[in-house]
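Enquirer: Here you go, this is final_14.txt (compact mmCIF, C-alpha atoms).
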# COMPACT_ATOMS: atom_id res chain seq x y z
CA MET A 1 -18.13 28.03 20.70
CA GLU A 2 -17.50 25.57 23.46
CA ARG A 3 -15.74 22.39 22.34
CA ASP A 4 -17.94 19.54 23.46
CA ASP A 5 -15.07 17.08 23.60
CA LEU A 6 -13.57 19.13 26.41
CA ILE A 7 -16.73 19.20 28.49
CA VAL A 8 -16.41 16.92 31.47
CA ASN A 9 -19.33 14.49 31.57
CA ASP A 10 -20.12 15.13 27.89
CA SER A 11 -23.13 12.94 27.17
CA TYR A 12 -22.02 11.54 23.77
CA ALA A 13 -18.56 10.65 24.98
CA LEU A 14 -19.85 9.12 28.24
CA ASN A 15 -22.49 7.11 26.34
CA SER A 16 -19.78 4.95 24.88
CA HIS A 17 -18.61 3.66 28.25
CA HIS A 18 -19.01 -0.04 28.90
CA SER A 19 -18.64 -2.41 31.79
CA GLU A 20 -16.02 -5.08 32.46
CA GLU A 21 -18.29 -7.91 31.20
CA GLU A 22 -19.19 -6.05 28.00
CA GLY A 23 -15.49 -5.34 27.57
CA ALA A 24 -14.64 -9.03 27.69
CA LYS A 25 -17.21 -9.71 24.97
CA ILE A 26 -15.88 -6.87 22.81
CA ARG A 27 -12.29 -8.10 23.21
CA LYS A 28 -13.30 -11.59 22.17
CA ASN A 29 -14.83 -10.13 19.02
CA ILE A 30 -11.67 -8.07 18.35
CA TRP A 31 -9.49 -11.19 18.46
CA LYS A 32 -11.93 -13.02 16.19
CA VAL A 33 -11.72 -10.21 13.62
CA THR A 34 -7.91 -10.20 13.95
CA GLY A 35 -7.91 -13.88 13.03
CA ILE A 36 -10.14 -13.26 10.02
CA LEU A 37 -8.01 -10.35 8.74
CA THR A 38 -4.79 -12.37 9.11
CA LEU A 39 -6.33 -15.36 7.37
CA LEU A 40 -7.62 -13.28 4.45
CA THR A 41 -4.22 -11.58 4.00
CA THR A 42 -2.45 -14.95 4.03
CA VAL A 43 -4.88 -16.30 1.43
CA GLU A 44 -4.27 -13.24 -0.77
CA VAL A 45 -0.50 -13.59 -0.58
CA MET A 46 -0.64 -17.33 -1.30
CA MET A 47 -2.84 -16.69 -4.32
CA GLY A 48 -0.48 -13.94 -5.48
CA ILE A 49 2.51 -16.27 -5.30
CA TYR A 50 0.83 -19.40 -6.64
CA PHE A 51 -1.12 -18.10 -9.64
CA LYS A 52 0.86 -16.71 -12.54
CA ARG A 53 -0.46 -13.67 -14.33
CA SER A 54 -1.89 -14.46 -17.74
CA GLU A 55 -4.52 -13.43 -20.22
CA THR A 56 -6.83 -16.19 -19.06
CA PHE A 57 -10.23 -16.33 -17.45
CA THR A 58 -8.64 -17.89 -14.34
CA TRP A 59 -6.48 -14.84 -13.78
CA THR A 60 -9.50 -12.53 -14.21
CA MET A 61 -11.29 -14.56 -11.52
CA ILE A 62 -8.21 -14.38 -9.24
CA LYS A 63 -8.12 -10.62 -9.70
CA TRP A 64 -11.76 -10.25 -8.78
CA SER A 65 -11.26 -12.46 -5.72
CA PHE A 66 -8.45 -10.11 -4.61
CA ILE A 67 -10.84 -7.18 -4.91
CA ILE A 68 -13.66 -8.99 -3.08
CA LEU A 69 -11.33 -10.17 -0.27
CA THR A 70 -10.06 -6.59 0.08
CA LEU A 71 -13.59 -5.26 0.38
CA VAL A 72 -14.37 -7.90 3.03
CA LYS A 73 -11.26 -6.84 4.98
CA ALA A 74 -12.21 -3.18 4.61
CA ALA A 75 -15.72 -3.93 5.90
CA TYR A 76 -14.34 -5.63 9.03
CA ILE A 77 -11.95 -2.74 9.72
CA VAL A 78 -14.58 -0.04 9.23
CA LEU A 79 -17.51 -1.75 10.94
CA VAL A 80 -15.70 -3.39 13.88
CA PHE A 81 -12.38 -1.62 14.46
CA MET A 82 -13.72 1.84 13.63
CA HIS A 83 -17.05 1.04 15.37
CA LEU A 84 -19.07 2.35 12.44
CA GLY A 85 -21.31 -0.67 12.83
CA ASP A 86 -22.34 0.63 16.27
CA GLU A 87 -23.13 4.16 15.09
CA ARG A 88 -26.54 5.48 14.07
CA SER A 89 -27.65 4.51 10.61
CA ASN A 90 -27.77 8.12 9.34
CA LEU A 91 -24.07 8.57 10.23
CA LYS A 92 -23.26 5.29 8.46
CA LYS A 93 -25.03 6.50 5.33
CA VAL A 94 -23.35 9.92 5.37
CA ILE A 95 -19.93 8.25 5.51
CA LEU A 96 -20.45 5.31 3.17
CA ALA A 97 -22.73 6.79 0.49
CA PRO A 98 -20.01 8.98 -1.14
CA TYR A 99 -17.99 5.85 -1.94
CA MET A 100 -20.81 3.85 -3.36
CA LEU A 101 -21.72 6.79 -5.57
CA PHE A 102 -18.35 8.23 -6.38
CA ILE A 103 -15.51 5.69 -6.17
CA GLY A 104 -17.40 2.89 -7.89
CA TYR A 105 -18.39 5.14 -10.76
CA LEU A 106 -14.92 6.71 -11.04
CA LEU A 107 -13.24 3.31 -11.11
CA PHE A 108 -15.61 1.97 -13.74
CA ILE A 109 -15.22 4.99 -16.00
CA ALA A 110 -11.43 5.32 -15.58
CA ILE A 111 -10.64 1.66 -16.12
CA SER A 112 -13.01 1.19 -19.03
CA GLU A 113 -11.88 4.43 -20.70
CA GLY A 114 -8.26 3.40 -20.10
CA PHE A 115 -8.84 0.54 -22.54
CA GLY A 116 -10.55 2.81 -25.04
CA HIS A 117 -7.62 3.16 -27.43
CA LEU A 118 -7.13 -0.61 -27.47
CA GLY A 119 -10.69 -1.02 -28.70
CA ASN A 120 -11.27 -3.80 -26.21
CA PHE A 121 -13.61 -3.30 -23.28
CA ASN A 122 -13.93 -6.90 -22.19
CA THR A 123 -10.49 -7.81 -20.89
CA LEU A 124 -9.33 -6.26 -17.65
CA HIS A 125 -5.62 -6.96 -17.65
CA MET B 1 -49.20 29.87 -3.99
CA GLY B 2 -47.17 29.05 -0.94
CA GLY B 3 -46.00 25.62 -2.04
CA GLU B 4 -44.17 23.33 0.40
CA VAL B 5 -43.26 26.01 2.95
CA THR B 6 -46.81 26.68 4.07
CA LYS B 7 -47.66 23.03 4.68
CA ALA B 8 -47.87 22.03 8.30
CA ILE B 9 -45.23 19.44 9.24
CA SER B 10 -45.57 17.10 12.14
CA LYS B 11 -43.13 17.97 14.94
CA ASP B 12 -42.00 14.31 15.35
CA VAL B 13 -40.23 14.19 12.02
CA LEU B 14 -38.28 17.38 12.63
CA TRP B 15 -34.93 17.55 14.27
CA GLY B 16 -35.29 20.28 16.84
CA GLY B 17 -31.58 20.98 17.37
CA GLY B 18 -29.81 20.87 20.72
CA ARG B 19 -28.55 17.34 20.15
CA SER B 20 -26.38 15.86 17.46
CA PRO B 21 -28.61 14.12 14.90
CA PHE B 22 -25.84 11.52 14.64
CA SER B 23 -25.53 11.11 18.39
CA VAL B 24 -21.77 11.62 18.26
CA SER B 25 -19.62 14.45 19.59
CA TYR B 26 -18.41 17.29 17.41
CA GLY B 27 -14.79 16.11 17.44
CA LYS B 28 -15.56 12.54 16.45
CA MET B 29 -17.87 13.61 13.65
CA MET B 30 -15.24 15.98 12.25
CA MET B 31 -12.65 13.18 12.36
CA TRP B 32 -15.05 11.06 10.28
CA TYR B 33 -15.58 13.92 7.82
CA PHE B 34 -11.83 14.38 7.50
CA LEU B 35 -11.41 10.67 6.84
CA VAL B 36 -14.15 10.77 4.19
CA SER B 37 -12.30 13.50 2.29
CA ASP B 38 -8.92 11.86 2.78
CA ALA B 39 -10.26 8.54 1.51
CA LEU B 40 -11.50 10.31 -1.62
CA THR B 41 -7.93 11.58 -2.16
CA PHE B 42 -6.53 8.05 -1.93
CA GLY B 43 -9.40 6.78 -4.06
CA GLY B 44 -8.46 9.33 -6.72
CA LEU B 45 -4.78 8.31 -6.57
CA LEU B 46 -5.49 4.61 -6.94
CA THR B 47 -7.97 5.29 -9.73
CA ALA B 48 -5.34 7.37 -11.55
CA TYR B 49 -2.92 4.45 -11.14
CA GLY B 50 -5.51 2.07 -12.61
CA PHE B 51 -6.19 4.41 -15.51
CA VAL B 52 -2.52 4.87 -16.43
CA ARG B 53 -1.89 1.15 -16.10
CA ALA B 54 -4.91 0.18 -18.17
CA SER B 55 -4.04 2.68 -20.90
CA SER B 56 -0.38 1.65 -21.06
CA THR B 57 0.59 -0.22 -24.23
CA ASP B 58 3.96 -1.39 -22.81
CA ALA B 59 4.20 -4.25 -20.31
CA TRP B 60 3.50 -3.18 -16.75
CA PRO B 61 5.73 -4.62 -13.99
CA ILE B 62 4.29 -7.40 -11.83
CA GLY B 63 4.30 -6.86 -8.07
CA GLU B 64 5.57 -10.31 -7.12
CA GLN B 65 8.54 -9.95 -9.48
CA VAL B 66 9.53 -6.43 -8.42
CA PHE B 67 9.04 -6.90 -4.67
CA ARG B 68 10.65 -10.22 -3.85
CA ALA B 69 13.65 -9.40 -1.67
CA LEU B 70 14.07 -9.76 2.07
CA PRO B 71 16.60 -7.74 4.09
CA GLY B 72 19.91 -9.56 4.49
CA LEU B 73 18.85 -12.65 2.50
CA GLU B 74 19.76 -13.88 -0.95
CA GLY B 75 17.10 -15.52 -3.07
CA GLU B 76 13.55 -14.74 -4.01
CA TYR B 77 10.61 -14.34 -1.67
CA PRO B 78 7.80 -12.85 -3.73
CA LEU B 79 5.52 -10.49 -1.78
CA ILE B 80 6.66 -11.85 1.60
CA TYR B 81 8.09 -8.55 2.77
CA VAL B 82 5.00 -6.56 1.75
CA ALA B 83 2.80 -9.16 3.42
CA LEU B 84 4.87 -8.72 6.59
CA MET B 85 4.36 -4.94 6.42
CA THR B 86 0.62 -5.49 5.99
CA PHE B 87 0.59 -7.82 8.98
CA ILE B 88 2.50 -5.30 11.16
CA LEU B 89 -0.06 -2.63 10.32
CA ILE B 90 -3.01 -4.95 11.01
CA VAL B 91 -1.52 -5.92 14.38
CA SER B 92 -0.98 -2.28 15.32
CA SER B 93 -4.60 -1.65 14.35
CA VAL B 94 -5.62 -4.42 16.75
CA THR B 95 -3.58 -2.96 19.63
CA MET B 96 -5.20 0.41 18.88
CA VAL B 97 -8.74 -1.00 19.07
CA LEU B 98 -7.76 -2.65 22.38
CA ALA B 99 -6.56 0.77 23.61
CA VAL B 100 -9.94 2.27 22.65
CA GLU B 101 -11.72 -0.59 24.45
CA ALA B 102 -9.62 -0.01 27.59
CA GLY B 103 -10.51 3.69 27.35
CA HIS B 104 -14.21 2.83 27.39
CA ARG B 105 -13.61 1.16 30.77
CA ASN B 106 -11.55 4.17 32.00
CA ASP B 107 -8.65 1.73 32.41
CA LYS B 108 -5.67 4.09 32.27
CA SER B 109 -2.94 1.44 32.50
CA GLY B 110 -4.65 -0.60 29.77
CA VAL B 111 -4.72 2.43 27.46
CA ILE B 112 -1.03 3.12 28.16
CA ARG B 113 -0.05 -0.49 27.42
CA TRP B 114 -1.99 -0.87 24.16
CA LEU B 115 -1.32 2.64 22.85
CA GLY B 116 2.38 2.13 23.59
CA LEU B 117 2.38 -1.09 21.56
CA THR B 118 0.55 0.71 18.73
CA ILE B 119 3.30 3.34 18.59
CA ILE B 120 5.97 0.61 18.46
CA GLY B 121 4.02 -1.08 15.61
CA GLY B 122 3.95 2.26 13.79
CA PHE B 123 7.73 2.58 14.06
CA PHE B 124 8.15 -0.98 12.78
CA PHE B 125 6.02 -0.17 9.75
CA LEU B 126 7.89 3.08 9.04
CA SER B 127 11.26 1.32 9.24
CA SER B 128 10.01 -1.43 6.92
CA GLN B 129 8.87 1.15 4.45
CA ALA B 130 12.23 2.93 4.63
CA TRP B 131 13.95 -0.35 3.71
CA GLU B 132 11.44 -0.99 0.94
CA TRP B 133 12.08 2.45 -0.55
CA SER B 134 15.82 2.04 -0.25
CA HIS B 135 15.64 -1.31 -2.05
CA PHE B 136 13.38 0.11 -4.76
CA ILE B 137 15.67 3.11 -5.29
CA HIS B 138 18.87 1.05 -5.42
CA GLY B 139 17.28 -1.63 -7.59
CA SER B 140 18.57 -5.13 -8.24
CA GLY B 141 21.09 -4.91 -11.04
CA GLY B 142 19.73 -2.29 -13.39
CA SER B 143 18.93 -2.44 -17.07
CA PHE B 144 20.12 -1.08 -20.39
CA LEU B 145 18.20 -0.46 -23.59
CA LEU B 146 19.18 -1.99 -26.91
CA ALA B 147 20.55 0.29 -29.64
CA GLU B 148 19.63 -2.06 -32.49
CA ASN B 149 17.46 -5.10 -33.27
CA VAL B 150 18.93 -8.37 -31.97
CA THR B 151 17.89 -12.02 -32.22
CA VAL B 152 19.06 -14.16 -29.29
CA THR B 153 18.47 -17.67 -28.03
CA ALA B 154 17.71 -17.93 -24.33
CA ASP B 155 19.15 -20.70 -22.15
CA ASP B 156 15.92 -22.67 -22.43
CA GLY B 157 16.13 -22.59 -26.23
CA GLU B 158 13.47 -19.97 -26.85
CA VAL B 159 14.36 -17.47 -29.59
CA PHE B 160 13.68 -13.78 -28.99
CA ASN B 161 13.48 -11.15 -31.70
CA LEU B 162 14.27 -8.03 -29.73
CA SER B 163 13.82 -4.54 -31.13
CA LYS B 164 15.74 -1.35 -30.61
CA GLY B 165 14.75 0.20 -27.28
CA ASP B 166 13.85 -3.08 -25.53
CA PRO B 167 15.25 -3.40 -22.00
CA VAL B 168 17.79 -6.05 -20.94
CA PHE B 169 18.48 -6.69 -17.24
CA MET B 170 21.79 -7.30 -15.47
CA ASP B 171 22.26 -9.37 -12.33
CA HIS B 172 22.99 -7.42 -9.17
CA HIS B 173 26.71 -8.31 -8.92
CA PHE B 174 27.43 -7.09 -12.42
CA GLY B 175 25.01 -4.15 -12.23
CA HIS B 176 26.56 -3.02 -8.97
CA LEU B 177 29.86 -2.43 -10.77
CA ALA B 178 28.27 -1.34 -14.05
CA GLU B 179 26.85 1.77 -12.41
CA PRO B 180 30.25 3.31 -11.41
CA TRP B 181 31.72 2.08 -14.71
CA ILE B 182 29.07 3.99 -16.70
CA GLU B 183 29.75 7.05 -14.58
CA GLY B 184 33.42 6.80 -15.51
CA GLU B 185 34.89 5.89 -12.10
CA PRO B 186 38.63 5.42 -12.66
CA ASN B 187 38.74 2.44 -10.22
CA VAL B 188 36.40 0.30 -12.33
CA SER B 189 37.39 -1.15 -15.67
CA LEU B 190 35.94 -3.58 -18.19
CA VAL B 191 38.26 -6.46 -19.13
CA GLU B 192 38.13 -9.65 -21.20
CA SER B 193 37.71 -12.84 -19.21
CA ASP B 194 37.73 -16.56 -19.99
CA HIS B 195 33.98 -16.60 -20.59
CA GLY B 196 33.43 -13.13 -22.01
CA ILE B 197 33.84 -9.95 -20.06
CA LYS B 198 34.07 -8.85 -16.46
CA LEU B 199 34.09 -5.61 -14.54
CA VAL B 200 36.96 -5.17 -12.11
CA GLU B 201 37.15 -2.69 -9.29
CA VAL B 202 40.58 -2.00 -7.82
CA GLY B 203 41.48 -0.19 -4.62
CA GLU B 204 39.92 -0.39 -1.20
CA HIS B 205 36.90 -2.53 -2.13
CA SER B 206 38.61 -4.51 -4.83
CA HIS B 207 36.40 -7.14 -6.44
CA GLU B 208 35.15 -8.25 -9.82
CA ALA B 209 31.93 -9.40 -11.45
CA GLU B 210 31.60 -11.51 -14.55
CA LEU B 211 28.81 -11.04 -17.09
CA HIS B 212 27.26 -14.43 -16.40
CA ALA B 213 23.73 -13.98 -17.58
CA LEU B 214 21.39 -11.28 -18.71
CA THR B 215 17.66 -11.43 -18.13
CA LEU B 216 14.83 -10.64 -20.50
CA ASN B 217 11.34 -9.67 -19.29
CA LYS B 218 12.62 -9.54 -15.72
CA TYR B 219 9.64 -7.76 -14.20
CA VAL B 220 6.93 -9.20 -16.43
CA GLU B 221 5.63 -12.75 -16.70
CA ASN B 222 8.00 -15.55 -17.82
CA GLU B 223 11.44 -14.02 -17.39
CA SER B 224 14.16 -15.65 -19.52
CA PHE B 225 17.90 -15.92 -18.96
CA VAL B 226 20.51 -15.46 -21.67
CA SER B 227 24.15 -16.42 -21.09
CA GLY B 228 27.46 -17.01 -22.85
CA ASP B 229 27.91 -15.73 -26.40
CA GLU B 230 24.25 -14.85 -26.67
CA ALA B 231 24.62 -12.55 -23.62
CA MET B 232 27.65 -10.91 -25.29
CA LYS B 233 25.49 -10.25 -28.37
CA LEU B 234 23.05 -8.32 -26.16
CA TRP B 235 25.84 -6.52 -24.33
CA ASN B 236 27.44 -5.40 -27.61
CA ALA B 237 24.09 -4.11 -28.87
CA ARG B 238 23.58 -1.89 -25.79
CA SER B 239 22.76 1.77 -26.10
CA GLY B 240 24.01 4.43 -23.71
CA THR B 241 20.71 4.36 -21.80
CA PHE B 242 21.14 2.57 -18.48
CA ALA B 243 18.81 2.65 -15.48
CA PHE B 244 19.79 1.55 -11.97
CA GLY B 245 16.96 1.24 -9.49
CA ALA B 246 14.57 4.16 -9.64
CA ASN B 247 14.54 7.92 -9.26
CA MET B 248 12.33 10.74 -10.47
CA HIS B 249 13.68 10.53 -14.05
CA ASP B 250 14.14 6.88 -14.90
CA ASN B 251 13.71 3.42 -13.44
CA GLU B 252 14.85 -0.10 -14.25
CA TYR B 253 11.45 -1.67 -13.61
CA ALA B 254 9.44 -0.32 -16.50
CA ILE B 255 9.63 1.63 -19.72
CA GLN B 256 7.05 3.98 -18.20
CA GLN B 257 8.36 6.35 -15.57
CA ALA B 258 4.75 6.52 -14.29
CA TYR B 259 5.29 3.18 -12.54
CA ALA B 260 8.08 4.50 -10.30
CA ASN B 261 6.32 7.82 -9.82
CA PHE B 262 3.10 6.15 -8.66
CA PHE B 263 5.11 3.96 -6.29
CA PHE B 264 6.82 6.98 -4.77
CA PHE B 265 3.67 9.07 -4.57
CA ILE B 266 1.15 6.52 -3.31
CA THR B 267 3.35 4.71 -0.79
CA GLY B 268 5.02 8.00 0.15
CA PHE B 269 1.72 9.76 0.77
CA HIS B 270 0.56 6.78 2.80
CA GLY B 271 3.86 6.65 4.69
CA PHE B 272 3.46 10.33 5.53
CA HIS B 273 0.04 9.50 6.97
CA VAL B 274 1.58 6.75 9.10
CA PHE B 275 4.28 9.16 10.26
CA SER B 276 1.67 11.79 11.25
CA GLY B 277 -0.33 9.05 12.95
CA VAL B 278 2.67 8.00 15.05
CA VAL B 279 3.31 11.64 16.05
CA ILE B 280 -0.36 12.13 17.04
CA ASN B 281 -0.33 8.82 18.93
CA ILE B 282 2.76 9.91 20.87
CA ILE B 283 1.13 13.23 21.82
CA ILE B 284 -2.01 11.48 23.09
CA PHE B 285 0.13 8.81 24.80
CA ILE B 286 1.84 11.57 26.82
CA MET B 287 -1.54 13.13 27.62
CA VAL B 288 -2.84 9.76 28.86
CA ILE B 289 0.18 9.37 31.14
CA GLN B 290 -0.36 12.89 32.47
CA GLY B 291 -3.93 11.91 33.35
CA VAL B 292 -5.67 14.50 31.14
CA PHE B 293 -8.40 12.05 30.11
CA GLU B 294 -8.78 10.65 33.59
CA ARG B 295 -9.73 14.15 34.73
CA ARG B 296 -12.02 14.53 31.69
CA LYS B 297 -13.68 11.21 32.74
CA HIS B 298 -13.64 9.82 29.21
CA TYR B 299 -11.01 8.66 26.71
CA GLU B 300 -12.80 9.76 23.56
CA MET B 301 -9.60 11.36 22.26
CA VAL B 302 -8.07 7.86 22.07
CA GLU B 303 -11.10 6.79 20.04
CA LYS B 304 -10.60 9.72 17.64
CA ILE B 305 -6.93 9.05 17.01
CA GLY B 306 -7.90 5.39 16.78
CA LEU B 307 -10.19 6.25 13.87
CA TYR B 308 -7.29 7.93 12.10
CA TRP B 309 -4.96 5.00 12.78
CA HIS B 310 -7.46 2.42 11.51
CA PHE B 311 -7.96 4.54 8.42
CA VAL B 312 -4.22 4.40 7.71
CA ASP B 313 -4.43 0.60 7.98
CA LEU B 314 -7.49 0.59 5.74
CA VAL B 315 -5.70 2.58 3.03
CA TRP B 316 -2.77 0.14 3.15
CA VAL B 317 -5.15 -2.78 2.62
CA PHE B 318 -6.20 -1.14 -0.65
CA VAL B 319 -2.67 -0.13 -1.67
CA PHE B 320 -1.54 -3.72 -1.01
CA THR B 321 -4.22 -5.09 -3.31
CA PHE B 322 -4.06 -2.58 -6.13
CA PHE B 323 -0.36 -1.80 -6.22
CA TYR B 324 1.19 -5.14 -5.27
CA LEU B 325 -1.32 -7.93 -5.95
CA VAL B 326 -3.52 -7.12 -8.92
The structure in this file should be written as C-alpha cells.

Expert:
Amino acid sequence: MERDDLIVNDSYALNSHHSEEEGAKIRKNIWKVTGILTLLTTVEVMMGIYFKRSETFTWTMIKWSFIILTLVKAAYIVLVFMHLGDERSNLKKVILAPYMLFIGYLLFIAISEGFGHLGNFNTLH
Amino acid sequence: MGGEVTKAISKDVLWGGGRSPFSVSYGKMMMWYFLVSDALTFGGLLTAYGFVRASSTDAWPIGEQVFRALPGLEGEYPLIYVALMTFILIVSSVTMVLAVEAGHRNDKSGVIRWLGLTIIGGFFFLSSQAWEWSHFIHGSGGSFLLAENVTVTADDGEVFNLSKGDPVFMDHHFGHLAEPWIEGEPNVSLVESDHGIKLVEVGEHSHEAELHALTLNKYVENESFVSGDEAMKLWNARSGTFAFGANMHDNEYAIQQAYANFFFFITGFHGFHVFSGVVINIIIFIMVIQGVFERRKHYEMVEKIGLYWHFVDLVWVFVFTFFYLV
C-alpha cells in the first residue's frame, strides 16, 4: 500500500496550508491560549500552597476546582494546540467518546469502591 | 425475510470510499489512534493510583510537603519546582504549535527555529525530572519506626500518644550521617553531647550533626517538632527499621510502599514518553534541515510529532493535578 503521507501534493496534507494573514491570526490565538494555560497553572499552584488539606467542605471544593481547572487546560491543549477543534466532527467523536464513556466510569467506580471498606461513600479525601 | 439488507439505501448517506471519512491523512489518523490508546494507559495508571490512595487506611503523603525543595537552596518552597516543570512543558508545547503553524506556511526557517526551541525545552524538562528523582531517592533526612509505644510532648505543647510502628522523621543533617552509621561505617560514631547526642564523622569529610529535633507527621498535615529530652525519648524507642529517601523496597515518605512505586512508575513512564518525544523531534529536526519536507511540499510530519508532543504535555497536566495537587 502506498503511504499517503509520502505522496507529494497529498490532498489532506495540502488542505491544511494557510496564508500569511491567517497565520498571524492563528499565532495571536496561540499566545492567548498560552496566557490562559499559564494563568490557570499559577492559580492551581497558589491554591495548593494557600489552602491546607483538611476534612472540610472547603477542601472538597478546592479539590473539585483543581479537577475542573485541569479539564479546562486539557480542553485548550486538545482543541487548540492539537487542532482537534478544527477537525471534522466524526473524528472528534471517535477520539473523545472513549474517555467520556470509559475514564469517567472507571474513575467513579474505582474511587467509590476504594472507600468501600471504610463504609463511607460521601467523603472524597 | 430479507430484513435490513434488502432495503434500498439512499446513495447520499453512504460513504463510497476513495476518501478518508475523517478528511485526514492515514499517518495523522494513526497518530491519533495511538494517542487514544496511550491515554487509556495513563488513565488506567492514574485511576489505579486513586484507587490505592482511596483504599489506604494509613495517612497518604501530601504533595506540597513532599515536593518542596529547590536545587541549591535551603528552605521550603512547596510545589514551586513542580510548577516550574509544568511551565517548561507548557512553553515547549507552545513552541511546538508555532513550529506546526510555520510548517503550514512552508516556512522552513520558522520550523527550524521553533522545533529547535521545543527540543531545548524537552531537555530542560528531562533534566528537571532527573533532579526531582534524585531528590526523591535521596530523601530529606529519613525516618525510623518506633519499637514501642511512646508519649511525647511536642515543642508547641501538644501531647502525642504514639504507637509501635509509627514513623519519626530526622532532619537532613542528622539523617545524612545516620544512614552510614546504621550501615556500620567505621568513620561515623554516635557520641554524647551537651544537649543529648550527636553523630560524628571523622576522616576526609569530617563533620558532626546534633540530634536537634525530630519531626512527627512530616509528610501529612500539621507536622510537629519534638526536641530536647522528648526527642531523646523517641530516639531511644527506635526500632531497627530506618528508611532514607525511597527505593523499590522502602521509602521515608509513607508507610505504604505503593506511594513511592506509583511515583516511580507514573512519572517514569511519562518521562520515558518525553525522552522518546525528544528523540523523535531531533530526527524530524534533522529531516527539516535536510529539506525533506520542502521537497514533499508539506510539513505534515511536524504536525504529527506535534500531536505526540502536545499529548506528553497533556498527560503531565493530569499527573500534576492528581499526583501533586489533589

Enquirer: Would you pick out the contacts of Ile77 (chain A) at 10 Å or less, using only C-alpha atoms, so that residues sharing its chain but fewer than 4 positions from it are not included, and give the list as a count of residues only?

Expert: 18

Enquirer: Select, from B:Ser10, B:Asn261, B:Thr118, B:Gln65, the residue with the minimum atom-to-atom distance to chain A, counting only C-alpha atoms.

Expert: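 Between B:Ser10, B:Asn261, B:Thr118, B:Gln65, the residue approaching chain A most closely is B:Gln65.
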
Enquirer: Please identify every residue of chain A that has at least one atom no more than 7 Å from any atom of chain B, counting only C-alpha atoms, and report them as a PyMOL selection string.

Expert: chain A and resi 4-5+8-9+12-14+16-20+23+34+45+48-49+53+63+66+70+74+77+81-82+88+90-91+95+103+107+110-111+114-115

Enquirer: Taking C-alpha atoms for each residue, export the selection above as a PDB file, keeping the file's coordinate frame.

Expert:
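Listed below is the output, selection_18.pdb:
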ATOM      1  CA  ASP A   4     -17.940  19.540  23.460  1.00  0.00           C
ATOM      2  CA  ASP A   5     -15.070  17.080  23.600  1.00  0.00           C
ATOM      3  CA  VAL A   8     -16.410  16.920  31.470  1.00  0.00           C
ATOM      4  CA  ASN A   9     -19.330  14.490  31.570  1.00  0.00           C
ATOM      5  CA  TYR A  12     -22.020  11.540  23.770  1.00  0.00           C
ATOM      6  CA  ALA A  13     -18.560  10.650  24.980  1.00  0.00           C
ATOM      7  CA  LEU A  14     -19.850   9.120  28.240  1.00  0.00           C
ATOM      8  CA  SER A  16     -19.780   4.950  24.880  1.00  0.00           C
ATOM      9  CA  HIS A  17     -18.610   3.660  28.250  1.00  0.00           C
ATOM     10  CA  HIS A  18     -19.010  -0.040  28.900  1.00  0.00           C
ATOM     11  CA  SER A  19     -18.640  -2.410  31.790  1.00  0.00           C
ATOM     12  CA  GLU A  20     -16.020  -5.080  32.460  1.00  0.00           C
ATOM     13  CA  GLY A  23     -15.490  -5.340  27.570  1.00  0.00           C
ATOM     14  CA  THR A  34      -7.910 -10.200  13.950  1.00  0.00           C
ATOM     15  CA  VAL A  45      -0.500 -13.590  -0.580  1.00  0.00           C
ATOM     16  CA  GLY A  48      -0.480 -13.940  -5.480  1.00  0.00           C
ATOM     17  CA  ILE A  49       2.510 -16.270  -5.300  1.00  0.00           C
ATOM     18  CA  ARG A  53      -0.460 -13.670 -14.330  1.00  0.00           C
ATOM     19  CA  LYS A  63      -8.120 -10.620  -9.700  1.00  0.00           C
ATOM     20  CA  PHE A  66      -8.450 -10.110  -4.610  1.00  0.00           C
ATOM     21  CA  THR A  70     -10.060  -6.590   0.080  1.00  0.00           C
ATOM     22  CA  ALA A  74     -12.210  -3.180   4.610  1.00  0.00           C
ATOM     23  CA  ILE A  77     -11.950  -2.740   9.720  1.00  0.00           C
ATOM     24  CA  PHE A  81     -12.380  -1.620  14.460  1.00  0.00           C
ATOM     25  CA  MET A  82     -13.720   1.840  13.630  1.00  0.00           C
ATOM     26  CA  ARG A  88     -26.540   5.480  14.070  1.00  0.00           C
ATOM     27  CA  ASN A  90     -27.770   8.120   9.340  1.00  0.00           C
ATOM     28  CA  LEU A  91     -24.070   8.570  10.230  1.00  0.00           C
ATOM     29  CA  ILE A  95     -19.930   8.250   5.510  1.00  0.00           C
ATOM     30  CA  ILE A 103     -15.510   5.690  -6.170  1.00  0.00           C
ATOM     31  CA  LEU A 107     -13.240   3.310 -11.110  1.00  0.00           C
ATOM     32  CA  ALA A 110     -11.430   5.320 -15.580  1.00  0.00           C
ATOM     33  CA  ILE A 111     -10.640   1.660 -16.120  1.00  0.00           C
ATOM     34  CA  GLY A 114      -8.260   3.400 -20.100  1.00  0.00           C
ATOM     35  CA  PHE A 115      -8.840   0.540 -22.540  1.00  0.00           C
TER      36      PHE A 115
END

Enquirer: Build an axis-aligned box that encloses every atom of region 42-49 of chain A listed in the file, pad it by 8 Å on each side, and report its centre and edge lengths in Å to one decimal, as lines of an AutoDock Vina configuration file.

Expert:
center_x = -1.2
center_y = -15.3
center_z = -0.7
size_x = 23.4
size_y = 20.1
size_z = 25.5

Enquirer: What's the 12 Å shell around region 175-180 of chain B, counting all atoms listed in the file, without same-chain residues fewer than 3 positions away, as a ChimeraX atom specification?

Expert: /B:138-144,168-172,183-190,197-202,205-215,235,240-245,252

Enquirer: Hey, which of B:Val226, B:Ala254, B:Met30, B:Ile120 ends up closest to Gly157 (chain B)? Count only C-alpha atoms.

Expert: B:Val226

Enquirer: Could you tell me how far CA of Tyr81 (chain B) sits from CA of Phe262 (chain B), in Å to one decimal place?

Expert: 19.3 Å

Enquirer: Please return as a PyMOL selection string every residue within 6 Å of (-4.2, 0.8, 24.4), taking into account only C-alpha atoms and the file's own coordinates.

Expert: chain B and resi 96+98-99+110-115

Enquirer: So the first atom is CA of Ile266 (chain B) and the second is CA of Ile67 (chain A); what is the distance between them in Å, to one decimal place?

Expert: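 One can read the CA of Ile266 (chain B) to CA of Ile67 (chain A) distance as 18.3 Å.
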